[in-house]
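Colleague: Let me give you the structure first, and then I'll get to my questions.
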Amino acid sequence: MAIRIFNADDHPMLRKGITDLLVETEGIDWVGSAENGKEALEKIRALQPDIAILDIEMPHFSGLEVAQILLNEGIKTNFVLLTLFKDEIFLTHALHMGMKGYLLKESSEKEILDCIRSVHKGQSYVNASLTHFMIHQKQIKNSILSTLSDHELNILKLIARQKNMDEIAEMLFISPKTVSNHRSNISKKLELVGEQNGLLKWAIEHKELLK
Amino acid sequence: MKYRILLLVLFFFVTFPAHSDNIDSLKNLLKTPVSDVNRASVLNQLAEASYYNNAAAARDYAQEALGLANKINDNNGQLESHFQLATAYYFLSLYKNAIQTAQHCLALCAHLGNTKREADVYYVKGRAHFAIGEIKEAEACYEICKNISEKAHYREGIGKAAKGIGDIFDTKGDFTKALENYDLHLKISLEDNYKIGQMVSYNDHGRICEYTGKTDEGLKNYLQSLKIAEEIGNFYGVGAASNNISILYSVQKDYKKALEYTFKSLENNQKINNLKGMAYNYHDIAHVMKNNNSLDTALIYYQKALDIRTTLGDKRGLSFTYFGMGDLYKKKKDWLKARQYHEKSLAIREGLGYKMGISASCTALGTLLMESGDYPTALLYLKKALQIAQEVKGTEELYLTYKSLALCHEKMGDFRNAFSFQTLALSYQDSLFNTDHNKQFAQMQTQYETEKKEKQILKQDNDILALEQSKSRMTSQRNFVLGGLLASGILGFFGFQFYKMKKDRNDKMAFAEALIYAQEEERKRIARDLHDGVGQSLLLIRKQMETTHETTLDNQRMITETLEEVRSISRDLHPFQLEKLGLTAAINEVIHKIEHSTELFITKEMDNIDGMLSDKAQIHVFRTIQEALNNVMKHSEATAAKVSIKSLPNEIIITVQDNGKGFDLEWAVVKSKSLGLRTMNERIASLGGKLKITPNQPKGTIIELNIPKKT
């Protein structure tokens with residue numbers, strides 16, 4: 001079965017570039033395109049493609065809005081953003097709301113096709129130049145750090161920068177006593193109770209994670 | 001009995017030409033158990049409803065119907081299927097097959113005495129002949145179609161014949177007669193409310209207007225055709241009309257608009273796999289690229305058009321492509337190749353008896369020979385061109401020919417003739433490139449857009465809300481542009497005087513607010529132009545370099561760096577994440593960026609305040625926080641800062657504190673001296689809020705904002 005794909009971009013040349021690529025690629029069935037958010041919304045709703053590739057900046061509705069509306073309606077289509085925005089926040093937001101791919105407009109044709117195939121297989125795909133964001137986030141999420149509160153994490157970060165108790169208190173705008181309470185909690189959570197300078201050693205060892 | 005039902009069905013769809021929305025109901029009919037005769041008839045109706053938007057499906061339906069009709073030896077069914085098949089072949093650009101199948105039909109028509117279908121078949125056969133340049137055969141078919149239809153008082157047939165005969169006169173350059181026939185076609189289509197006929201004939205009218213120099217009329221007709229095509233969801237029609245509009249804009253040298261319509265056309269043609277139409281589009285793209293001096297890209301697109309047209313045997317189209325390529329090689333100063341291509345084009349056009357084309361080719365060859373210094377031969381070609389152009393009264397042709405004749409005489413030293421030809425050329429130039437065209441074009445374009453919008457509102461009740469939103473957004477954008485222009489003009493002119501005279505505090509506030517607003521909007525515009533305009537153009541440049549194999553590591557790196565620069569400048573100018581993702585996320589992003597790029601340690605305690613402030617208030621709050629953090633980084637020598645946002649029932653309290661060196665001046669003095677702080681203060685004041693700056697304990701500064709929530 002060919003993968004049915006729809007694309008939307010308000011820039012005619014770029015839209016055509018993607019359309020041509022989709023039309024010319026075997027195994028892909030290009031079902032249509034739109035030049036603004038409203039048209040995209042209506043057409044995707046009517047055509048129910050496997051994958052819709054959307055630009056963020058478009059008249060009427062942004063690509064994010066289009067995807068949000070349709071995902072709320074329970075559409076089966078998978079969404080991929082193809083955008084000039086290289087900001088981490090757009091990426092996180094897009095993936096968080098359930099979009100499956102994030103591509104930058106400077107992506108090579110190979111990257112675009114790789115993305116389509118991965119997404120079709122049910123995997124997420126993010127442009128190679130953006131993956132470091134993801135990796136960092138994933139590492140934090142998987143590590144023991146996820147058990148710490150925001151305050152505790154901040155204290156650990158400052159310990160990694162080799163700040164003493166008073167400095168930490170000043171930098172977090174809290175009292176030294178509160179800092180010391182947090183410290184003992186962190187030691188418990190990280191199972192470092194009783195070790196000499198255990199927290200400092202641990203923090204320096206895991207400095208990369210604490211950036 | 002069976003035949004009576006069939007006749008009834010036949011009558012039904014002759015009277016009410018099938019529309020796309022009944023495709024579904026027909027498909028449903030197929031699912032119910034029906035006799036083979038009826039099934040064949042439904043399949044044929046499906047074919048008729050499909051050939052504009054999906055010719056391949058139409059062919060399959062017709063073939064299936066034919067199979068059934070053959071099985072039960074139903075002659076009427078066979079005729080009908082053959083006819084639908086022939087039409088489908090025509091729309092699939094398989095002209096030879098269409099002619100052959102039509103031939104089968106005619107034998108069956110004679111046998112059954114079905115005169116109406118006979119007329120229809122002759123029309124389709126005529127069109128197929130016409131498409132491959134067999135003009136005489138086409139003309140004969142149309143004449144027969146006309147005679148039969150008149151005898152049988154078959155109105156649709158009379159209309160079709162008129163369209164065909166109009167095409168023949170168009171080719172021969174007799175535009176008056178062509179127009180008469182197109183008028184008849186339009187009249188019948190309007191009276192019978194036959195939309196496809198109207199769509200086709202407005203397009204034909206537009207073309208004749210264009211040829212005779214009535215450019216504005218032309219556009220009006222094309223837009224009318226486009227409107228109908230969009231109304232009835234006819235992709236073929238949308239493709240054809242858009243393409244013609246694109247050519248008009250191209251003649252007016254508005255290449256941006258031209259390309260826009262070409263792509264619209266191409267999209268529609270690709271949708272229905274209309275090869276003939278796509279060839280036209282590629283040709284038009286090449287034409288624009290050529291005028292843009294992107295000669296190699298132009299050549300690629302000409303080649304694409306050429307390939308399709310050669311396969312289809314579209315002689316008229318081929319003559320255009322050869323002509324374009326001749327022109328291209330002339331630009332490349334490859335005189336030999338230029339001449340070869342123009343001669344090829346001329347030969348085809350003479351074979352077709354396509355007068356306007358012959359004139360254009362002769363002018364082109366004349367100019368070419370002039371460039372290489374062969375004035376006598378050039379003059380021969382030009383005189384031939386002039387003779388035909390006068391005969392067909394083609395405005396553009398006359399203008400070009402007079403201009404070339406003037407130039408040729410000038411080069412030969414015959415200044416008297418040169419002058420008189422130049423005068424003649426000028427008289428045509430006015431009607432062709434009248435500057436008023438642009439204005440009228442824009443007017444008509446707007447009218448079309450407006451009408452289209454209105455149609456949509458009527459058609460899609462459930463979308464009214466969305467449309468209104470988008471409309472109001474558009475109006476506010478327009479108002480902002482007008483307002484921005486006005487504001488900057490007025491402020492710039494009277495600003496100083498105004499400020500001096502009115503010491504009144506409120507007026508000062510209003511002035512400051514207007515200034516901040518104008519600046520904010522201006523920044524937004526520039527940011528968007530940079531990001532969307534310059535950014536995307538950079539990508540296109542890179543893509544183009546890739547296709548022409550001009551990429552090197554160096555220029556790739558430069559483009560990437562420039563793109564990054566555009567990104568960062570536009571990000572600094574306007575926070576797009578604010579509009580797209582909300583205030584809270586935007587503030588988070590600012591903090592995140594600072595933490596990434598500096599040693600400053602920032603803690604945050606933030607409630608989500610999305611949707612609690614107006615759009616205008618959001619940007620003021622965002623900018624104030626941004627500015628506060630900037631001050632911390634630049635002036636405070638702090639090692640840490642903290643941003644806290646608390647949402648209370650009626651107000652929002654935001655604090656930004658740091659552990660830096662603090663202000664050594666009184667707040668009042670600071671406020672009057674620092675532009676940044678003054679702007680912050682004005683921003684918050686315009687929201688009816690308060691801004692307070694106090695020393696932090698044990699050291700540093702706290703900035704506190706109290707902002708009322710929108711009511």
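Here's how to read the names in the structure tokens: chain A, B, ... by the order shown, residue numbers from 1 in each chain, ligand numbers from 1 in the order shown.
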Using only C-alpha atoms, which chain B residues lie at most 8 Å away from chain A, written as a list in words?

Modeller: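 On the chain B side, the interface is Glu260, Phe263, Lys271, Ser470, His531, Asp532, Gly535, Gln536, Leu539, Leu540, Arg567, Gln577, Lys580, Leu581, Ala585, Glu589, Phe601, Thr603, Thr639, Ala640, Ala641, Lys642 and Asn659 of chain B.
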
Colleague: Would you write out those residues with C-alpha atoms, as a PDB file, in the first residue's frame?

Modeller:
ATOM      1  CA  GLU B 260       1.324  31.958  -8.632  1.00  0.00           C
ATOM      2  CA  PHE B 263       1.394  26.712  -9.891  1.00  0.00           C
ATOM      3  CA  LYS B 271      -4.399  16.145  -9.509  1.00  0.00           C
ATOM      4  CA  SER B 470      -9.886  35.066   9.388  1.00  0.00           C
ATOM      5  CA  HIS B 531      12.009  34.893   8.430  1.00  0.00           C
ATOM      6  CA  ASP B 532       9.497  34.007   5.750  1.00  0.00           C
ATOM      7  CA  GLY B 535      14.720  32.740   4.886  1.00  0.00           C
ATOM      8  CA  GLN B 536      12.671  30.879   2.318  1.00  0.00           C
ATOM      9  CA  LEU B 539      16.394  27.823   0.801  1.00  0.00           C
ATOM     10  CA  LEU B 540      15.201  28.210  -2.757  1.00  0.00           C
ATOM     11  CA  ARG B 567      16.719  33.258  12.314  1.00  0.00           C
ATOM     12  CA  GLN B 577       6.553  31.748  19.995  1.00  0.00           C
ATOM     13  CA  LYS B 580       2.008  30.432  18.473  1.00  0.00           C
ATOM     14  CA  LEU B 581       2.489  28.878  21.889  1.00  0.00           C
ATOM     15  CA  ALA B 585       5.958  29.166  27.029  1.00  0.00           C
ATOM     16  CA  GLU B 589      11.983  30.066  26.258  1.00  0.00           C
ATOM     17  CA  PHE B 601      21.581  31.019  37.032  1.00  0.00           C
ATOM     18  CA  THR B 603      15.191  29.953  38.984  1.00  0.00           C
ATOM     19  CA  THR B 639      25.287  35.556  39.342  1.00  0.00           C
ATOM     20  CA  ALA B 640      21.660  34.550  39.788  1.00  0.00           C
ATOM     21  CA  ALA B 641      18.137  35.745  39.121  1.00  0.00           C
ATOM     22  CA  LYS B 642      14.646  34.543  39.861  1.00  0.00           C
ATOM     23  CA  ASN B 659      21.696  39.267  43.482  1.00  0.00           C
TER      24      ASN B 659
END

Colleague: Could you pull the residues within 9 Å of region 312-321 of chain B, counting only C-alpha atoms, minus those fewer than 4 positions along the same chain, as number ranges by chain?

Modeller: B: 93-95, 131-133, 275-276, 279-280, 283, 302-303, 305-308, 325-326, 341-342, 344-349, 352, 354, 357

Colleague: Let me see the file: selected residues, C-alpha atoms, as a short mmCIF file (atom, residue, chain, number, x, y, z; two decimals), in the first residue's frame.

Modeller:
data_model
loop_
_atom_site.label_atom_id
_atom_site.label_comp_id
_atom_site.auth_asym_id
_atom_site.auth_seq_id
_atom_site.Cartn_x
_atom_site.Cartn_y
_atom_site.Cartn_z
CA SER B 93 -4.77 12.93 -24.07
CA LEU B 94 -4.90 9.63 -26.03
CA TYR B 95 -6.18 11.32 -29.16
CA ALA B 131 -5.66 18.42 -30.59
CA ILE B 132 -3.20 16.69 -32.92
CA GLY B 133 -3.36 19.45 -35.49
CA LEU B 275 -0.63 15.84 -19.23
CA LYS B 276 -1.56 18.35 -21.89
CA ALA B 279 2.91 20.69 -20.51
CA TYR B 280 1.39 24.17 -20.78
CA HIS B 283 6.14 25.83 -20.69
CA TYR B 302 11.07 23.54 -21.80
CA GLN B 303 12.48 20.05 -22.06
CA ALA B 305 7.07 20.41 -21.82
CA LEU B 306 8.71 19.15 -25.00
CA ASP B 307 8.78 15.54 -23.77
CA ILE B 308 5.08 15.54 -22.91
CA MET B 325 13.50 27.48 -27.05
CA GLY B 326 14.43 29.52 -30.08
CA TYR B 341 14.16 26.04 -33.31
CA HIS B 342 12.26 28.98 -34.75
CA LYS B 344 10.90 24.12 -36.61
CA SER B 345 8.15 26.10 -34.93
CA LEU B 346 7.26 27.95 -38.13
CA ALA B 347 7.08 24.71 -40.12
CA ILE B 348 4.56 23.20 -37.69
CA ARG B 349 2.49 26.37 -37.63
CA LEU B 352 -1.62 23.80 -38.98
CA TYR B 354 -2.15 28.71 -37.36
CA GLY B 357 1.68 31.71 -34.72
#

Colleague: Show me, as a list in words, the residues that have an atom within 10 Å of Leu71 (chain A) when counting only C-alpha atoms, minus same-chain residues fewer than 6 positions from it.

Modeller: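 Counting only the stated atoms, we get Glu65, Thr77, Asn78, Phe79, Met97, Gly98 and Met99 of chain A.
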
Colleague: Based on the selection just made, write C-alpha atoms of those residues as a CSV table (one decimal), in the first residue's frame.

Modeller:
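Saved file selection_24.csv follows:
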chain,number,residue,atom,x,y,z
A,65,GLU,CA,-3.4,24.9,15.1
A,77,THR,CA,-3.6,11.1,10.2
A,78,ASN,CA,0.0,11.5,11.5
A,79,PHE,CA,1.3,15.1,11.4
A,97,MET,CA,0.7,17.6,21.4
A,98,GLY,CA,1.1,14.4,19.4
A,99,MET,CA,2.7,15.3,16.2

Colleague: Neighbours of Gly688 (chain B) within 9 Å (only C-alpha atoms; same-chain residues fewer than 5 positions away dropped), as a PyMOL selection string?

Modeller: chain B and resi 706-708

Colleague: Determine, counting only C-alpha atoms, which protein, DNA and RNA residues have an atom within 8 Å of an atom of region 46-50 of chain A; residues of the same chain fewer than 6 positions away are not included. Present the result as a PDB file with N, CA and C atoms, in the first residue's frame.

Modeller:
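out-v8.pdb was written with the following content:
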ATOM      1  N   ILE A   3       1.891   5.083   0.684  1.00  0.00           N
ATOM      2  CA  ILE A   3       1.610   5.998   1.797  1.00  0.00           C
ATOM      3  C   ILE A   3       0.931   7.246   1.227  1.00  0.00           C
ATOM      4  N   ARG A   4      -0.256   7.555   1.740  1.00  0.00           N
ATOM      5  CA  ARG A   4      -0.996   8.704   1.211  1.00  0.00           C
ATOM      6  C   ARG A   4      -0.576   9.965   1.958  1.00  0.00           C
ATOM      7  N   ILE A   5      -0.063  10.942   1.209  1.00  0.00           N
ATOM      8  CA  ILE A   5       0.497  12.121   1.868  1.00  0.00           C
ATOM      9  C   ILE A   5      -0.097  13.426   1.337  1.00  0.00           C
ATOM     10  N   PHE A   6      -0.295  14.336   2.276  1.00  0.00           N
ATOM     11  CA  PHE A   6      -0.816  15.665   1.968  1.00  0.00           C
ATOM     12  C   PHE A   6       0.226  16.675   2.443  1.00  0.00           C
ATOM     13  N   VAL A  31      -1.753  13.074  -2.242  1.00  0.00           N
ATOM     14  CA  VAL A  31      -3.199  13.216  -2.397  1.00  0.00           C
ATOM     15  C   VAL A  31      -3.646  14.661  -2.527  1.00  0.00           C
ATOM     16  N   ILE A  75      -8.617  12.413  14.482  1.00  0.00           N
ATOM     17  CA  ILE A  75      -8.223  11.964  13.140  1.00  0.00           C
ATOM     18  C   ILE A  75      -7.073  10.959  13.251  1.00  0.00           C
ATOM     19  N   LYS A  76      -6.994  10.029  12.283  1.00  0.00           N
ATOM     20  CA  LYS A  76      -5.936   9.011  12.317  1.00  0.00           C
ATOM     21  C   LYS A  76      -4.649   9.511  11.662  1.00  0.00           C
ATOM     22  N   THR A  77      -4.745  10.588  10.918  1.00  0.00           N
ATOM     23  CA  THR A  77      -3.590  11.122  10.198  1.00  0.00           C
ATOM     24  C   THR A  77      -2.431  11.437  11.150  1.00  0.00           C
ATOM     25  N   ASN A  78      -1.211  11.119  10.712  1.00  0.00           N
ATOM     26  CA  ASN A  78      -0.019  11.520  11.450  1.00  0.00           C
ATOM     27  C   ASN A  78       0.474  12.857  10.924  1.00  0.00           C
ATOM     28  N   HIS A 120       5.454   6.609   9.187  1.00  0.00           N
ATOM     29  CA  HIS A 120       4.480   5.634   8.713  1.00  0.00           C
ATOM     30  C   HIS A 120       4.584   4.323   9.486  1.00  0.00           C
TER      31      HIS A 120
END

Colleague: Quick one: pick out all helix (DSSP H, G or I) residues within region 76-205 of chain A from a backbone DSSP run and write them as number ranges by chain.

Modeller: A: 88-96, 109-120, 128-142, 144-147, 150-160, 165-172, 176-189, 198-205

Colleague: I'd like the contact shell of Glu579 (chain B) - 10 Å cut-off, only C-alpha atoms, skipping same-chain residues fewer than 4 positions apart - returned as a list in words.

Modeller: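 Residues near the query, excluding close chain neighbours: His574, Pro575, Leu583, Ala586, Asp615, Gln618 and Ile619 of chain B.
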
Colleague: With N, CA and C atoms retained, write the just-selected residues as a compact mmCIF listing (two decimals), in the first residue's frame.

Modeller:
# COMPACT_ATOMS: atom_id res chain seq x y z
N HIS B 574 11.03 39.86 17.03
CA HIS B 574 9.65 39.59 17.43
C HIS B 574 9.51 38.17 17.96
N PRO B 575 8.88 38.02 19.11
CA PRO B 575 8.73 36.69 19.70
C PRO B 575 7.58 35.91 19.07
N LEU B 583 2.02 32.97 26.20
CA LEU B 583 2.94 33.81 26.96
C LEU B 583 3.85 33.00 27.87
N ALA B 586 6.57 31.31 26.04
CA ALA B 586 7.51 32.28 25.50
C ALA B 586 8.47 32.77 26.57
N ASP B 615 -3.98 40.36 23.72
CA ASP B 615 -2.80 40.19 22.87
C ASP B 615 -1.79 41.30 23.08
N GLN B 618 -0.10 41.03 26.43
CA GLN B 618 0.87 39.93 26.46
C GLN B 618 2.23 40.38 25.97
N ILE B 619 2.20 41.14 24.85
CA ILE B 619 3.50 41.51 24.29
C ILE B 619 4.20 42.51 25.20

Colleague: Report the distance between CA of Leu573 (chain B) and CA of Arg523 (chain B) in Å, rounded to one decimal place.

Modeller: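 Between CA of Leu573 (chain B) and CA of Arg523 (chain B) the gap is 5.6 Å.
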
Colleague: Neighbouring residues of Ala140 (chain B) were defined as those with any atom within 10 Å, considering only C-alpha atoms; residues of the same chain fewer than 3 positions away were excluded. Please report them as JSON, numbers by chain.

Modeller: {"B": [122, 123, 126, 135, 136, 137, 143, 144, 145, 146, 165]}

Colleague: Since we have the selection now, will you write its residues out, keeping N, CA and C atoms, as a PDB file, in the first residue's frame?

Modeller:
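Written out: selection-v4.pdb:
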ATOM      1  N   TYR B 122     -19.401  13.216 -33.087  1.00  0.00           N
ATOM      2  CA  TYR B 122     -18.659  14.047 -34.047  1.00  0.00           C
ATOM      3  C   TYR B 122     -17.902  15.162 -33.330  1.00  0.00           C
ATOM      4  N   TYR B 123     -18.498  15.698 -32.284  1.00  0.00           N
ATOM      5  CA  TYR B 123     -17.839  16.773 -31.555  1.00  0.00           C
ATOM      6  C   TYR B 123     -16.551  16.262 -30.889  1.00  0.00           C
ATOM      7  N   GLY B 126     -13.995  15.583 -33.423  1.00  0.00           N
ATOM      8  CA  GLY B 126     -13.435  16.860 -33.892  1.00  0.00           C
ATOM      9  C   GLY B 126     -12.380  17.383 -32.930  1.00  0.00           C
ATOM     10  N   ILE B 135      -6.560  19.954 -38.549  1.00  0.00           N
ATOM     11  CA  ILE B 135      -7.565  21.016 -38.502  1.00  0.00           C
ATOM     12  C   ILE B 135      -8.718  20.751 -39.471  1.00  0.00           C
ATOM     13  N   LYS B 136      -8.371  20.289 -40.686  1.00  0.00           N
ATOM     14  CA  LYS B 136      -9.418  20.085 -41.696  1.00  0.00           C
ATOM     15  C   LYS B 136     -10.406  19.022 -41.246  1.00  0.00           C
ATOM     16  N   GLU B 137      -9.871  17.903 -40.722  1.00  0.00           N
ATOM     17  CA  GLU B 137     -10.736  16.836 -40.234  1.00  0.00           C
ATOM     18  C   GLU B 137     -11.630  17.351 -39.114  1.00  0.00           C
ATOM     19  N   GLU B 143     -18.754  20.624 -38.457  1.00  0.00           N
ATOM     20  CA  GLU B 143     -19.838  21.008 -39.376  1.00  0.00           C
ATOM     21  C   GLU B 143     -20.949  19.958 -39.330  1.00  0.00           C
ATOM     22  N   ILE B 144     -20.547  18.671 -39.361  1.00  0.00           N
ATOM     23  CA  ILE B 144     -21.564  17.613 -39.327  1.00  0.00           C
ATOM     24  C   ILE B 144     -22.343  17.681 -38.029  1.00  0.00           C
ATOM     25  N   CYS B 145     -21.595  17.864 -36.915  1.00  0.00           N
ATOM     26  CA  CYS B 145     -22.228  17.955 -35.597  1.00  0.00           C
ATOM     27  C   CYS B 145     -23.281  19.066 -35.610  1.00  0.00           C
ATOM     28  N   LYS B 146     -22.904  20.199 -36.228  1.00  0.00           N
ATOM     29  CA  LYS B 146     -23.813  21.342 -36.288  1.00  0.00           C
ATOM     30  C   LYS B 146     -25.071  20.990 -37.076  1.00  0.00           C
ATOM     31  N   ILE B 165     -16.297  25.113 -33.854  1.00  0.00           N
ATOM     32  CA  ILE B 165     -16.098  25.968 -35.027  1.00  0.00           C
ATOM     33  C   ILE B 165     -15.385  27.253 -34.617  1.00  0.00           C
TER      34      ILE B 165
END
